[in-house]
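Here's the structure, in structure tokens; my notes come after.
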Amino acid sequence: MMNQLSVVVKQLFDDFERGSNTFESDLLALQFSDPFMTADPDGIIQVVKKDDFIAGISKRQAFFQSIGFQFVKILSLDETPLDDHYVMVKALVHMRFEKIPGQPVDLKDHSTYILFVGDISPKIVFYLTHENLMKIMQDKGLLPGS
């Protein structure tokens with residue numbers, strides 16, 4: 001269930017979900033500032049240039065398809081204004097894979113986004129993943145254990 005969202009945030013995440021399902025690099029690139037930052041639950045922080053991000057989308061697509069990617073669905077979004085220019089959005093995302101036909105594997109991923117909203121269209125400037133997706137994939141049998 002979605003909480004009350006501003007129109008611009010809802011549109012950004014509608015486009016983000018569609019781009020995540022289709023791997024449309026042009027569409028996904030519109031969602032992010034250049035550069036943007038990422039952080040993961042292991043404390044690894046990266047500054048990502050948009051060109052590097054775009055270049056990685058086809059690799060992500062090939063990897064996801066190799067383990068039976070089916071879809072991404074945003075289950076919930078919680079928007080918190082931080083000031084006149086920034087908004088925090090907490091997202092719960094459902095991903096489905098079907099590496100073995102007829103045996104779907106569902107994953108849930110919690111992430112937090114900081115958006116700059118003082119421009120024509122909002123942009124993701126910071127993206128924090130709360131779970132280690134590769135570990136979850138290993139635990140669910142999509143990837144070999146380490």
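Chain labels A, B, ... are given in the sequence in which chains occur in the structure tokens; within each chain residues are numbered consecutively from 1, and ligands are likewise numbered from 1 in the order shown.
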Per residue of stretch 45-101 of chain A within 8 Å of stretch 117-141 of chain A, what are the shortest atom pair and its distance in Å to one decimal, counting only C-alpha atoms, with rows by chain and residue number, as a tab-separated table?
```
residue	atom	partner	partner_atom	distance
A:Asp84	CA	A:Gly118	CA	7.2
A:His85	CA	A:Gly118	CA	4.8
A:Tyr86	CA	A:Val117	CA	5.7
A:Val87	CA	A:Val117	CA	7.0
```
Selected residues, C-alpha atoms, written as a PDB file, in the first residue's frame, please.
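Output file selection.pdb follows:
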```pdb
ATOM      1  CA  ASP A  84      12.390  22.872   0.601  1.00  0.00           C
ATOM      2  CA  HIS A  85      14.852  21.043  -1.663  1.00  0.00           C
ATOM      3  CA  TYR A  86      15.197  17.482  -0.374  1.00  0.00           C
ATOM      4  CA  VAL A  87      12.848  14.575   0.319  1.00  0.00           C
TER       5      VAL A  87
END
```
Using only C-alpha atoms, determine which residues lie at most 6 Å from A:Met37, disregarding the query and same-chain residues fewer than 2 positions distant; provide the list as a PDB file with C-alpha atoms, in the first residue's frame.
```pdb
ATOM      1  CA  GLN A  46      30.440   5.089  -3.506  1.00  0.00           C
ATOM      2  CA  VAL A  47      30.145   8.129  -5.706  1.00  0.00           C
ATOM      3  CA  VAL A  48      28.722   6.974  -9.042  1.00  0.00           C
ATOM      4  CA  PHE A 126      21.655   9.283  -2.513  1.00  0.00           C
TER       5      PHE A 126
END
```
Exercise for the section: Run DSSP on the backbone and give me the residues of stretch 37-113 of chain A it puts in alpha helix (DSSP H), as a ChimeraX atom specification. Expected result: /A:50-66
Problem - Near-A:Arg96 list (10 Å; only C-alpha atoms; drop same-chain fewer than 2 positions) as a ChimeraX atom specification - result: /A:68-73,94,98-99,104-108
Practice task
Would you work out the distance separating atom CA of A:Pro35 from atom CA of A:Glu79, expressed in Å to one decimal?
Solution key: 22.4 Å
